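K.L.:
Next up is a structure, given as structure tokens.
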Amino acid sequence: MDVATATAEHAGEPVKDELAEKCQKLFQAFLEEFHTGDGEVKYVREAEELIRPERNTLLVSFTDLEGFNQDLATTIQEEYYRVYPFLCRAVRNFVRDHGSVPPTKEFYVALEDLSTRHRIRELSSMRIGTLVRISGQVVRTHPVHPELVSGTFQCMDCQALIKDVPQQFKYSPPSICRNPVCNNRSRFHLDTHKSKFIDFQKVRIQETQAELPRGAIPRSLEVVLRAEAVETAQAGDRCDFTGTLIVVPDVSQLRTPGVRAETSTRLPGGPQGFEAEGLRGLKALGVRELSYRLAFLACNVAPTNPRFGGKELREEEQTAESIKSQMTEKEWEKVFQMSQDKNLYHHLCSSLFPTIHGNDEVKRGVLLMLFGGVPKTTVEGTSLRGDINVCIVGDPSTAKSQILKHVEEFSPRAVYTSGKASTAAGLTAAVVRDEESHEFVIEAGALMLADNGVCCIDEFDKMDLKDQVAIHEAMEQQTISITKAGVKATLNARTSILAAANPVGGRYDRSRSLKQNVSLTAPIMSRFDLFFILVDDCNEVTDYAIARRIVDLHSRLEESVERPYALDEVRRYLLFARQFKPKISSESAEFIVEQYKRLRQRDCAGGVAKSAWRITVRQLESMIRLSEGMARMHCCDEVQPKHVKEAFRLLNKSIIRVETPDINLEEEEEQGAEPQEEEEEEEGTAAGDGLSSCCMSRANVCVPAGGAVPNGVNGHVNGHGEGGGAKAAVSLSFSEYRRISNLLVLHLRRAEEAEEEEQLRKSAVVNWYLKEAESEIESEEQLVARKRLIEKVVHRLVHYDHILIELSQAGLKGSESSTTEEEPVLVVNPNYILED
């Protein structure tokens with residue numbers, strides 16, 4: 001009886017929490033007494049800031065708390081969820097002591113600088129209620145809603161007011177009216193004017209790829225943000241969240257058939273015309289089914305790497321001065337020293353890709369992509385993109401994926417995805433239904449997650465055509481427009497795209513154009529600023545260097561990697577250099593126009609097939625962007641002609657065609673074919689500059705119209721047509737022609753040095769070659785065909801390519817004094833340089 005009386009007396013009174021109240025007193029003392037090194041109270045100035053109407057959260061460093069009182073810090077860490085409301089009261093008292101604030105205004109505390117950081121995978125039920133810091137990548141953000149924190153209810157029977165009813169993450173009316181006479185349990189009305197609301201946002205985070213154990217699927221977790229923490233994280237950010245793990249009712253489970261019947265007793269329209277089930281369990285006995293799930297209640301959000309995280313890059317108001325202020329004196333000196341480096345271009349490439357040998361042009365293109373051009377907005381509001389898109393096409397095992405992986409690891413906001421495994425929605429954005437509110441929300445795709453960063457797409461050619469079309473808009477307009485399920489939105493995708501693709505037949509075929517080698521549509525190809533073609537050539541010197549590099553890497557992992565600058569130094573420099581907005585000088589503008597005219601005329605003169613793709617205005621814009629990237633890299637405020645020159649050189653590299661056509665050896669066509677073939681010869685050599693076009697993976701032989709069939713010996717063709725009437729065309733692949741010419745040049749030079757004049761005669765040279773190739777000749781027919789072929793090759797080397805010179809006894813061939821009886825002597829042109 002006594003117990004019942006005592007319970008009745010204290011009914012409705014909250015239980016006192018002595019530990020939490022003690023924490024409140026100690027925390028308030030900490031705020032009032034903690035001094036900085038200068039001797040002033042650290043948090044007074046910040047408390048005065050909270051008087052402003054839009055501010056309500058005080059940021060407190062956990063390191064300061066540990067230095068002031070270790071017991072208090074331990075208690076807060078272990079009993080965070082229990083003592084948090086009391087810490088907020090301490091902040092409210094502290095702010096009221098230092099300024100006049102409205103009595104109804106609530107204040108909150110946010111803790112930072114927590115020493116340990118956990119992964120999402122490590123969170124278990126043991127950590128519920130404790131203070132932890134977790135990291136992850138934000139994949140979905142919900143709109144901000146007002147949340148009811150404590151409600152004031154009015155009883156609809158006796159009109160009594162029931163104040164400060166705490167809400168547990170869902171609408172929770174009082175269980176019974178506090179009026180002893182009234183026994184109302186269900187009819188309550190919420191008084192919105194007297195209730196307290198707070199900004200509330202849900203964010204979904206996912207494990208980053210670096211944290212994933214082998215063979216595991218990334219786990220995700222819902223994070224609840226309140227007050228000033230809302231809208232601090234955007235999709236794609238990698239952030240640290242400080243707060244606690246909580247248990248919330250799984251409202252989505254209530255919606256499932258059977259369980260949803262808890263909310264009402266009768267629901268018509270059940271399966272097959274039957275009514276749905278009634279209540280599951282008895283409320284009075286407390287056996288109602290309700291499942292719970294884990295969520296994370298965050299009080300503070302910070303970028304994972306605050307100095308060089310994605311957040312800093314995204315802020316448009318960032319200036320060079322603010323970046324300088326974030327650096328230490330030593331770091332700033334290093335950035336200045338790098339900007340004065342004469343060899344900066346080469347050193348940055350070596351620092352970014354230390355394990356990849358060669359491919360210098362590709363490295364330079366990717367480096368300029370990281371610096372980027374300057375985005376501009378015209379007077380009418382049209383935005384011109386500043387991001388540079390790069391595509392790498394090449395044979396297998398030419399380090400394409402390796403380059404993509406390096407960029408993904410280095411860049412603060414980079415997303416790596418594979419073409420075949422990506423859909424249009426996965427690349428752009430998907431509209432999904434929220435489990436709880438059943439509203440449609442936008443879930444960010446790869447291009448949105450990489451906003452202001454780089455999106456690396458491997459196996460670009462394996463993508464379905466309908467998925468490739470989805471990124472048209474993102475590549476040029478840099479936006480993603482969605483009109484699905486009643487959601488209309490235009491989202492930002494200000495990202496550079498670095499794509500890697502394989503040629504159609506597995507290996508790059510030089511006798512065909514780039515467009516025929518890659519299964520990409522013309523609109524997509526024109527949106528790439530740079531195309532790099534990597535051909536796996538047989539070259540003794542290069543092969544030796546690559547093999548040495550790989551063996552070094554495997555045997556001496558640490559010592560073999562040489563970086564002129566550390567990655568952090570490059571990141572700092574990149575972030576600083578991106579703040580420059582170089583303007584194009586009048587001299588550079590004229591130079592750009594001249595170069596564009598040159599490209600355009602060359603393109604029109606040779607027809608569409610002359611270069612890798614048509615030169616359009618997009619290539620002019622590419623030149624401007626690359627010039628600005630070069631100026632940014634050297635920290636210049638003005639684009640100079642030398643920057644344009646390098647941009648033009650890079651663009652030219654990717655425009656000149658890599659294919660080398662078959663050589664036609666017919667003398668009848670020499671008049672019409674001479675200028676064009678010479679030009680093609682030159683272009684093939686120019687393209688081979690970076691790709692060593694001297695030897696190809698296979699020899700291509702053209703089957704002539706007359707029906708002659710190649711007999712498979714070194715690409716030559718039998719001269720006898722089946723019909724006998726038409727003369728068979730003799731043609732040779734470029735690589736085979738180059739091989740034979742190199743053999744002849746080496747033999748003639750050797751004979752010249754030995755001063756063996758008889759060996760230099762034309763017939764002697766032909767006989768020498770036939771003797772060298774005797775193992776490949778099996779019949780008299782083949783011998784005749786081979787002799788005819790080598791004579792035509794010598795004729796072309798003398799008359800078209802001018803690699804060999806014919807000399808007669810009395811003087812130059814064709815002069816008046818020359819005798820026709822004498823057999824000419826062949827010598828190598830002294831100006832000819834033998835490649836490889």
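If you're wondering about the labels, chains in the structure tokens are A, B, ... by order shown, residues count from 1 in each chain, ligands from 1 in order shown.
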Near A:Leu744, counting only C-alpha atoms, which residues have an atom at most 12 Å away, once you skip same-chain residues fewer than 5 positions from it, shown as a JSON list (two decimals) with N, CA, C and O atoms, in the first residue's frame?
P.N.:
```
[["chain", "number", "residue", "atom", "x", "y", "z"],
["A", 737, "TYR", "N", 56.76, -3.35, -96.02],
["A", 737, "TYR", "CA", 57.54, -2.47, -96.90],
["A", 737, "TYR", "C", 58.68, -1.82, -96.10],
["A", 737, "TYR", "O", 59.82, -1.75, -96.55],
["A", 738, "ARG", "N", 58.36, -1.36, -94.89],
["A", 738, "ARG", "CA", 59.38, -0.74, -94.05],
["A", 738, "ARG", "C", 60.46, -1.75, -93.66],
["A", 738, "ARG", "O", 61.65, -1.42, -93.61],
["A", 739, "ARG", "N", 60.07, -2.98, -93.41],
["A", 739, "ARG", "CA", 61.04, -4.03, -93.02],
["A", 739, "ARG", "C", 62.04, -4.28, -94.14],
["A", 739, "ARG", "O", 63.25, -4.34, -93.92],
["A", 749, "ARG", "N", 74.72, 0.04, -96.60],
["A", 749, "ARG", "CA", 75.66, 0.80, -95.75],
["A", 749, "ARG", "C", 76.87, -0.06, -95.38],
["A", 749, "ARG", "O", 78.00, 0.41, -95.32],
["A", 750, "ARG", "N", 76.59, -1.34, -95.10],
["A", 750, "ARG", "CA", 77.67, -2.26, -94.74],
["A", 750, "ARG", "C", 78.63, -2.41, -95.94],
["A", 750, "ARG", "O", 79.85, -2.42, -95.79],
["A", 751, "ALA", "N", 78.04, -2.52, -97.16],
["A", 751, "ALA", "CA", 78.86, -2.68, -98.36],
["A", 751, "ALA", "C", 79.66, -1.42, -98.66],
["A", 751, "ALA", "O", 80.83, -1.49, -99.10],
["A", 759, "GLN", "N", 79.09, -5.15, -104.86],
["A", 759, "GLN", "CA", 77.91, -5.48, -104.04],
["A", 759, "GLN", "C", 76.84, -4.39, -104.11],
["A", 759, "GLN", "O", 75.70, -4.61, -103.72],
["A", 760, "LEU", "N", 77.22, -3.18, -104.56],
["A", 760, "LEU", "CA", 76.28, -2.07, -104.58],
["A", 760, "LEU", "C", 75.46, -2.01, -105.87],
["A", 760, "LEU", "O", 74.55, -1.20, -105.99],
["A", 762, "LYS", "N", 72.73, -2.84, -108.71],
["A", 762, "LYS", "CA", 71.31, -3.13, -108.53],
["A", 762, "LYS", "C", 71.02, -4.63, -108.57],
["A", 762, "LYS", "O", 70.33, -5.17, -107.71],
["A", 764, "ALA", "N", 73.07, -7.07, -108.02],
["A", 764, "ALA", "CA", 73.71, -7.74, -106.87],
["A", 764, "ALA", "C", 72.84, -7.59, -105.62],
["A", 764, "ALA", "O", 72.70, -8.52, -104.82],
["A", 765, "VAL", "N", 72.24, -6.39, -105.47],
["A", 765, "VAL", "CA", 71.36, -6.16, -104.30],
["A", 765, "VAL", "C", 70.13, -7.06, -104.36],
["A", 765, "VAL", "O", 69.74, -7.68, -103.37],
["A", 766, "VAL", "N", 69.53, -7.18, -105.59],
["A", 766, "VAL", "CA", 68.35, -8.04, -105.75],
["A", 766, "VAL", "C", 68.71, -9.49, -105.45],
["A", 766, "VAL", "O", 67.99, -10.20, -104.75],
["A", 767, "ASN", "N", 69.86, -9.93, -105.98],
["A", 767, "ASN", "CA", 70.29, -11.32, -105.76],
["A", 767, "ASN", "C", 70.58, -11.58, -104.28],
["A", 767, "ASN", "O", 70.27, -12.65, -103.75],
["A", 768, "TRP", "N", 71.18, -10.58, -103.62],
["A", 768, "TRP", "CA", 71.46, -10.74, -102.18],
["A", 768, "TRP", "C", 70.16, -10.95, -101.40],
["A", 768, "TRP", "O", 70.08, -11.81, -100.53],
["A", 769, "TYR", "N", 69.15, -10.12, -101.72],
["A", 769, "TYR", "CA", 67.87, -10.25, -101.01],
["A", 769, "TYR", "C", 67.23, -11.62, -101.24],
["A", 769, "TYR", "O", 66.74, -12.26, -100.32],
["A", 770, "LEU", "N", 67.26, -12.08, -102.53],
["A", 770, "LEU", "CA", 66.65, -13.38, -102.84],
["A", 770, "LEU", "C", 67.37, -14.51, -102.12],
["A", 770, "LEU", "O", 66.76, -15.49, -101.69],
["A", 772, "GLU", "N", 68.86, -14.17, -99.20],
["A", 772, "GLU", "CA", 68.46, -14.06, -97.78],
["A", 772, "GLU", "C", 67.10, -14.73, -97.55],
["A", 772, "GLU", "O", 66.84, -15.31, -96.51],
["A", 790, "ILE", "N", 60.74, -7.34, -105.27],
["A", 790, "ILE", "CA", 61.89, -6.60, -104.73],
["A", 790, "ILE", "C", 62.34, -5.52, -105.72],
["A", 790, "ILE", "O", 62.76, -4.43, -105.32],
["A", 791, "GLU", "N", 62.20, -5.80, -107.02],
["A", 791, "GLU", "CA", 62.56, -4.78, -108.01],
["A", 791, "GLU", "C", 61.64, -3.56, -107.89],
["A", 791, "GLU", "O", 62.08, -2.40, -108.02],
["A", 793, "VAL", "N", 60.06, -2.63, -105.14],
["A", 793, "VAL", "CA", 60.38, -1.95, -103.87],
["A", 793, "VAL", "C", 61.59, -1.04, -104.07],
["A", 793, "VAL", "O", 61.60, 0.12, -103.63],
["A", 794, "VAL", "N", 62.62, -1.55, -104.77],
["A", 794, "VAL", "CA", 63.82, -0.74, -105.03],
["A", 794, "VAL", "C", 63.44, 0.47, -105.88],
["A", 794, "VAL", "O", 63.90, 1.60, -105.63],
["A", 797, "LEU", "N", 61.78, 3.00, -103.64],
["A", 797, "LEU", "CA", 62.75, 3.61, -102.72],
["A", 797, "LEU", "C", 63.59, 4.66, -103.44],
["A", 797, "LEU", "O", 64.00, 5.66, -102.84],
["A", 798, "VAL", "N", 63.86, 4.43, -104.73],
["A", 798, "VAL", "CA", 64.68, 5.38, -105.48],
["A", 798, "VAL", "C", 63.86, 6.58, -105.95],
["A", 798, "VAL", "O", 64.23, 7.73, -105.75],
["A", 803, "ILE", "N", 65.01, 7.37, -100.66],
["A", 803, "ILE", "CA", 65.88, 6.80, -99.60],
["A", 803, "ILE", "C", 67.17, 6.30, -100.25],
["A", 803, "ILE", "O", 68.26, 6.41, -99.68],
["A", 804, "LEU", "N", 67.07, 5.74, -101.47],
["A", 804, "LEU", "CA", 68.24, 5.28, -102.21],
["A", 804, "LEU", "C", 68.49, 6.22, -103.40],
["A", 804, "LEU", "O", 67.57, 6.84, -103.92],
["A", 826, "LEU", "N", 73.69, 1.43, -106.41],
["A", 826, "LEU", "CA", 72.74, 1.98, -105.43],
["A", 826, "LEU", "C", 73.50, 2.43, -104.19],
["A", 826, "LEU", "O", 74.32, 1.68, -103.64],
["A", 827, "VAL", "N", 73.25, 3.65, -103.75],
["A", 827, "VAL", "CA", 73.80, 4.13, -102.46],
["A", 827, "VAL", "C", 72.67, 4.73, -101.63],
["A", 827, "VAL", "O", 71.66, 5.19, -102.18],
["A", 828, "VAL", "N", 72.86, 4.72, -100.33],
["A", 828, "VAL", "CA", 71.84, 5.27, -99.42],
["A", 828, "VAL", "C", 71.98, 6.78, -99.37],
["A", 828, "VAL", "O", 73.10, 7.31, -99.32],
["A", 834, "LEU", "N", 67.97, 6.07, -90.30],
["A", 834, "LEU", "CA", 67.25, 4.79, -90.13],
["A", 834, "LEU", "C", 66.56, 4.78, -88.77],
["A", 834, "LEU", "O", 67.21, 4.98, -87.74]]
```
K.L.:
Excluding stretch 119-135 of chain A and any residue of its chain fewer than 4 positions from it, enumerate the residues within 6 Å of it, using only C-alpha atoms, and give them as a PyMOL selection string.
P.N.:
chain A and resi 77-81+239-246
K.L.:
Compare A:Asp164, A:Glu331, A:Glu211, A:Glu562 by their minimum atom-to-atom distance to A:Ile356, counting only C-alpha atoms, and give me the closest one.
P.N.:
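Looking at the shortest contact to A:Ile356, the residue is A:Glu562.
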K.L.:
What's the 9 Å shell around stretch 15-20 of chain A, counting only C-alpha atoms, without same-chain residues fewer than 2 positions away, as a list in words?
P.N.:
Glu13, Lys22, Cys23, Gln24, Lys25, Thr75, Glu79, Arg82, Val83, Tyr84, Pro85, Phe86 and Leu87 of chain A
K.L.:
Which polymer residues have any atom within 9 Å of an atom of A:Cys636, counting only C-alpha atoms, with same-chain residues fewer than 5 positions away left out, as a list in words?
P.N.:
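These residues fall inside the cut-off: Ala577, Phe580, Lys581, Pro582, Met630 and Ala631 of chain A.
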K.L.:
Figure out the distance between atom CA of A:Ala414 and atom CA of A:Asp434, please, to one decimal in Å.
P.N.:
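Result for atom CA of A:Asp434 versus atom CA of A:Ala414: 26.6 Å, one decimal.
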K.L.:
Might you pull out every residue within 12 Å of A:Ile805, with only C-alpha atoms counted and same-chain residues fewer than 3 positions away left off, and present them as a VMD selection string?
P.N.:
chain A and resid 745 748 760 to 762 794 to 802 808 811 to 814 824 to 832
K.L.:
If you measure from atom CA of A:Ala493 to atom CA of A:Lys376, what distance in Å do you get, rounded to one decimal?
P.N.:
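Result for atom CA of A:Ala493 versus atom CA of A:Lys376: 15.3 Å, one decimal.
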